[in-house]
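Enquirer: Questions regarding the structure given below will be posed in turn.
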Amino acid sequence: MTTARAAPRTARRIPAPKCPSPSASPNREAALPSTRRTHIPDPPRRSGLDGPAEPVNASVLIHDDQGRYLLHLRDDVPGIWEPGAWALPGGGREPGDGSLEDTARRELREEAGLVLPVLEPFDVDLVPGTGTDGTAVLVQVFAGRWNGDPAGLHLTEGVMLAWFHPAAMPRLRLSPSTLDLVRRHAAATRAEVPRPGPRAGSASVPHGVGVHLYLERDGRVLLGLRHPDCAYAGSTHHFLAGHCEQESAVSCLVREAQEEAGLLIDPDDVHLAHLVHIVDEPGGQPRMQLVFRARRWQGTPEVREPDRCLSWDWWPAEALPDPVVPYTRAAIEGIRAGRLYTELGWT
């Protein structure tokens with residue numbers, strides 16, 4: 001997954017935030033009971049003597065050709081709407097905006113430097129608690145297509161921007177009506193353009209490339225516990241990992257090890273230990289997950305990016321923690337069995 005996020009802060013280890021555990025709250029929609037939005041049919045409902053109500057805010061459903069949607073992780077500070085939650089990018093209309101489409105475009109430029117060629121009206125929502133006095137306001141929701149990498153955007157507000165498939169969104173801290181908007185838009189998009197699942201012999205598609213570090217010490221494997229609000233696999237154990245930029249896979253591994261955990265690794269001490277070819281869902285982007293083993297390293301793992309990882313721990317390879325990312329477990333099992341390759345999710 002690619003994200004645009006704020007600069008990391010250096011820390012050794014921080015306690016997990018006080019929030020429901022995955023086992024206690026498998027669907028995190030319930031975490032936002034006060035931010036439910038009411039869908040308003042077209043046209044919007046009337047406001048008594050003032051005549052028809054009109055939207056005063058705008059937000060944007062940004063989607064790509066892989067069926068993913070771009071979400072914005074808001075700052076977790078008091079006094080703002082939906083602090084610490086994932087939401088659609090957008091904001092309130094200002095005097096200089098000629099229309100709500102102008103509002104949407106201005107917000108995208110100001111928050112992320114993002115310009116979309118086409119924005120189309122999709123729906124209108126009544127959103128409680130977003131007015132200056134805590135009242136509900138109408139929000140015009142636009143839809144636009146973009147196939148870029150959020151890691152290349154300059155984010156000026158919030159924590160990060162990240163792509164998500166609708167199937168992964170129930171695990172996020174996300175208002176139920178935002179999830180409903182995404183699902184309805186995804187259903188309409190699928191009805192227009194069918195998306196067949198992956199199969200042998202189908203047309204070639206781009207593959208994502210992930211790079212992962214396998215370190216073993218006295219029969220124990222190094223895994224990180226990901227932050228609950230992480231764009232991928234929140235509150236789940238995973239390898240130290242990253243995505244290749246304009247660099248080789250081994251160079252990416254060495255860079256990520258230093259950035260995420262303060263570990264120094266010589267490229268000559270690294271070899272490929274396992275490869276997982278995975279697709280998460282029918283029509284999803286296939287990924288090649290490369291797992292490299294380092295024979296030697298310098299340093300003790302420490303938390304360098306606390307917005308992504310809460311802790312680093314050594315776990316017995318035969319007794320991994322729960323939960324752990326499925327392909328991480330599959331790779332560890334493959335390495336211990338002497339296998340080089342695993343496939344997951346293919347039919």
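Within each chain, counting starts at residue 1; across the structure tokens, chains are named A, B, ... in the order shown, with ligands numbered 1 upward in that order.
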If we count only C-alpha atoms, what is near Gln289 (chain A) at a cut-off of 8 Å, once residues fewer than 3 positions away on the same chain are taken out, given as a list in words?
Expert: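 So, after excluding close chain neighbours, the residues are Val209, Gly210, Val211, His212, Leu275, Val276, His277 and Ile278 of chain A.
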Enquirer: Write out, as a short mmCIF file (atom, residue, chain, number, x, y, z; two decimals), in the first residue's frame, the residues just selected, with C-alpha atoms.
Expert:
```
data_model
loop_
_atom_site.label_atom_id
_atom_site.label_comp_id
_atom_site.auth_asym_id
_atom_site.auth_seq_id
_atom_site.Cartn_x
_atom_site.Cartn_y
_atom_site.Cartn_z
CA VAL A 209 6.32 -5.19 -5.14
CA GLY A 210 6.74 -5.39 -1.37
CA VAL A 211 10.06 -5.92 0.43
CA HIS A 212 10.21 -7.63 3.84
CA LEU A 275 8.52 -15.04 -2.32
CA VAL A 276 4.73 -14.82 -1.89
CA HIS A 277 2.61 -14.13 -5.00
CA ILE A 278 -0.69 -12.86 -3.59
#
```
Enquirer: Ranking A:Glu82, A:Asp64, A:Asp149, A:Glu343 by minimum distance to Asp280 (chain A) and counting only C-alpha atoms, which one comes first?
Expert: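 Checking each of A:Glu82, A:Asp64, A:Asp149, A:Glu343 against Asp280 (chain A), counting only C-alpha atoms, the winner is A:Glu343.
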Enquirer: Which residues in region 137-236 of chain A does DSSP call strand (DSSP E)? List them as a CSV table (one decimal) with C-alpha atoms, in the first residue's frame.
Expert:
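Output file states.csv follows:
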```csv
chain,number,residue,atom,x,y,z
A,137,VAL,CA,-24.9,20.6,7.5
A,138,LEU,CA,-25.5,19.3,4.0
A,139,VAL,CA,-22.4,18.1,2.1
A,140,GLN,CA,-22.1,17.7,-1.6
A,141,VAL,CA,-20.2,14.6,-2.5
A,142,PHE,CA,-18.2,14.5,-5.7
A,143,ALA,CA,-16.5,11.6,-7.4
A,144,GLY,CA,-13.3,11.7,-9.4
A,145,ARG,CA,-10.8,9.2,-10.8
A,160,MET,CA,-1.8,10.4,5.8
A,161,LEU,CA,-3.6,9.6,2.6
A,162,ALA,CA,-4.0,5.9,1.6
A,163,TRP,CA,-5.7,3.7,-0.9
A,164,PHE,CA,-8.2,1.1,0.4
A,208,GLY,CA,3.0,-4.2,-6.6
A,209,VAL,CA,6.3,-5.2,-5.1
A,210,GLY,CA,6.7,-5.4,-1.4
A,211,VAL,CA,10.1,-5.9,0.4
A,212,HIS,CA,10.2,-7.6,3.8
A,213,LEU,CA,13.0,-8.3,6.4
A,214,TYR,CA,13.3,-11.8,8.0
A,216,GLU,CA,15.9,-14.7,13.3
A,217,ARG,CA,17.7,-14.9,16.6
A,220,ARG,CA,12.8,-16.3,17.3
A,221,VAL,CA,11.6,-14.0,14.5
A,222,LEU,CA,11.4,-10.2,14.6
A,223,LEU,CA,7.9,-8.9,14.1
A,224,GLY,CA,6.3,-5.5,14.6
A,225,LEU,CA,2.9,-4.7,16.1
A,226,ARG,CA,1.3,-2.2,13.6
```
Enquirer: Find the residue from A:Ala241, A:Ala188, A:Pro301, A:Ala231 that sits nearest to Arg173 (chain A); use only C-alpha atoms when measuring.
Expert: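 Distance minimum relative to Arg173 (chain A) lands on A:Ala231.
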Enquirer: For region 265-273 of chain A, work out the shell of residues within 7 Å, counting only C-alpha atoms and skipping chain neighbours fewer than 4 positions away, then give it as a VMD selection string.
Expert: chain A and resid 250 254 291 to 298 335 340
Enquirer: Restricting it to all heavy atoms, dump the selection as a compact mmCIF listing (two decimals), in the first residue's frame.
Expert:
```
# COMPACT_ATOMS: atom_id res chain seq x y z
N VAL A 250 16.89 -4.79 -2.71
CA VAL A 250 17.80 -4.87 -1.57
C VAL A 250 18.08 -3.48 -1.01
O VAL A 250 18.15 -3.28 0.21
CB VAL A 250 19.10 -5.59 -1.97
CG1 VAL A 250 20.13 -5.51 -0.83
CG2 VAL A 250 18.83 -7.05 -2.30
N VAL A 254 17.40 -2.28 2.90
CA VAL A 254 18.39 -1.64 3.76
C VAL A 254 17.87 -0.29 4.26
O VAL A 254 18.01 0.05 5.45
CB VAL A 254 19.72 -1.47 3.00
CG1 VAL A 254 20.70 -0.62 3.79
CG2 VAL A 254 20.33 -2.84 2.69
N VAL A 291 10.68 -11.63 0.52
CA VAL A 291 11.14 -11.74 1.91
C VAL A 291 12.64 -12.04 1.89
O VAL A 291 13.07 -13.09 1.40
CB VAL A 291 10.37 -12.84 2.68
CG1 VAL A 291 10.83 -12.88 4.13
CG2 VAL A 291 8.87 -12.60 2.59
N PHE A 292 13.44 -11.11 2.42
CA PHE A 292 14.89 -11.26 2.45
C PHE A 292 15.35 -11.58 3.87
O PHE A 292 14.83 -11.02 4.84
CB PHE A 292 15.57 -9.98 1.98
CG PHE A 292 15.40 -9.69 0.51
CD1 PHE A 292 14.36 -8.88 0.07
CD2 PHE A 292 16.27 -10.23 -0.42
CE1 PHE A 292 14.19 -8.61 -1.28
CE2 PHE A 292 16.12 -9.97 -1.77
CZ PHE A 292 15.08 -9.15 -2.20
N ARG A 293 16.34 -12.44 3.95
CA ARG A 293 16.92 -12.77 5.24
C ARG A 293 18.30 -12.12 5.36
O ARG A 293 19.11 -12.18 4.42
CB ARG A 293 17.05 -14.28 5.39
CG ARG A 293 17.56 -14.73 6.75
CD ARG A 293 17.43 -16.22 6.91
NE ARG A 293 17.70 -16.65 8.28
CZ ARG A 293 17.41 -17.86 8.75
NH1 ARG A 293 16.82 -18.75 7.94
NH2 ARG A 293 17.68 -18.18 9.99
N ALA A 294 18.55 -11.48 6.49
CA ALA A 294 19.86 -10.88 6.75
C ALA A 294 20.62 -11.78 7.72
O ALA A 294 20.11 -12.12 8.79
CB ALA A 294 19.71 -9.48 7.33
N ARG A 295 21.83 -12.17 7.33
CA ARG A 295 22.64 -13.03 8.19
C ARG A 295 23.21 -12.26 9.38
O ARG A 295 23.37 -12.81 10.46
CB ARG A 295 23.77 -13.65 7.36
CG ARG A 295 23.32 -14.63 6.32
CD ARG A 295 24.51 -15.23 5.57
NE ARG A 295 25.16 -14.23 4.72
CZ ARG A 295 24.81 -13.97 3.47
NH1 ARG A 295 23.78 -14.64 2.93
NH2 ARG A 295 25.43 -13.06 2.76
N ARG A 296 23.52 -10.97 9.15
CA ARG A 296 24.08 -10.12 10.22
C ARG A 296 23.44 -8.74 10.13
O ARG A 296 23.00 -8.32 9.07
CB ARG A 296 25.61 -10.00 10.06
CG ARG A 296 26.37 -11.27 10.36
CD ARG A 296 27.87 -11.05 10.20
NE ARG A 296 28.23 -10.82 8.80
CZ ARG A 296 28.48 -11.80 7.94
NH1 ARG A 296 28.43 -13.06 8.33
NH2 ARG A 296 28.80 -11.52 6.68
N TRP A 297 23.46 -8.05 11.26
CA TRP A 297 22.97 -6.67 11.30
C TRP A 297 23.57 -5.98 12.53
O TRP A 297 24.09 -6.63 13.43
CB TRP A 297 21.44 -6.64 11.36
CG TRP A 297 20.85 -7.26 12.61
CD1 TRP A 297 20.55 -6.63 13.79
CD2 TRP A 297 20.51 -8.63 12.81
NE1 TRP A 297 20.04 -7.52 14.70
CE2 TRP A 297 20.00 -8.77 14.13
CE3 TRP A 297 20.58 -9.78 12.01
CZ2 TRP A 297 19.57 -9.97 14.65
CZ3 TRP A 297 20.16 -10.99 12.51
CH2 TRP A 297 19.65 -11.09 13.83
N GLN A 298 23.45 -4.67 12.54
CA GLN A 298 23.92 -3.88 13.67
C GLN A 298 22.76 -3.11 14.27
O GLN A 298 21.93 -2.57 13.54
CB GLN A 298 25.01 -2.90 13.23
CG GLN A 298 26.27 -3.54 12.69
CD GLN A 298 27.30 -2.50 12.27
OE1 GLN A 298 27.41 -1.44 12.90
NE2 GLN A 298 28.04 -2.79 11.21
N ILE A 335 9.78 -20.63 4.83
CA ILE A 335 11.21 -20.55 5.11
C ILE A 335 11.65 -21.71 6.00
O ILE A 335 12.66 -22.37 5.75
CB ILE A 335 11.56 -19.20 5.78
CG1 ILE A 335 11.37 -18.06 4.77
CG2 ILE A 335 12.98 -19.21 6.32
CD1 ILE A 335 11.48 -16.68 5.36
N LEU A 340 10.79 -21.95 -1.32
CA LEU A 340 11.13 -20.61 -1.75
C LEU A 340 9.91 -19.81 -2.19
O LEU A 340 9.96 -18.58 -2.21
CB LEU A 340 12.14 -20.67 -2.90
CG LEU A 340 12.71 -19.33 -3.40
CD1 LEU A 340 13.45 -18.60 -2.29
CD2 LEU A 340 13.61 -19.54 -4.63
```
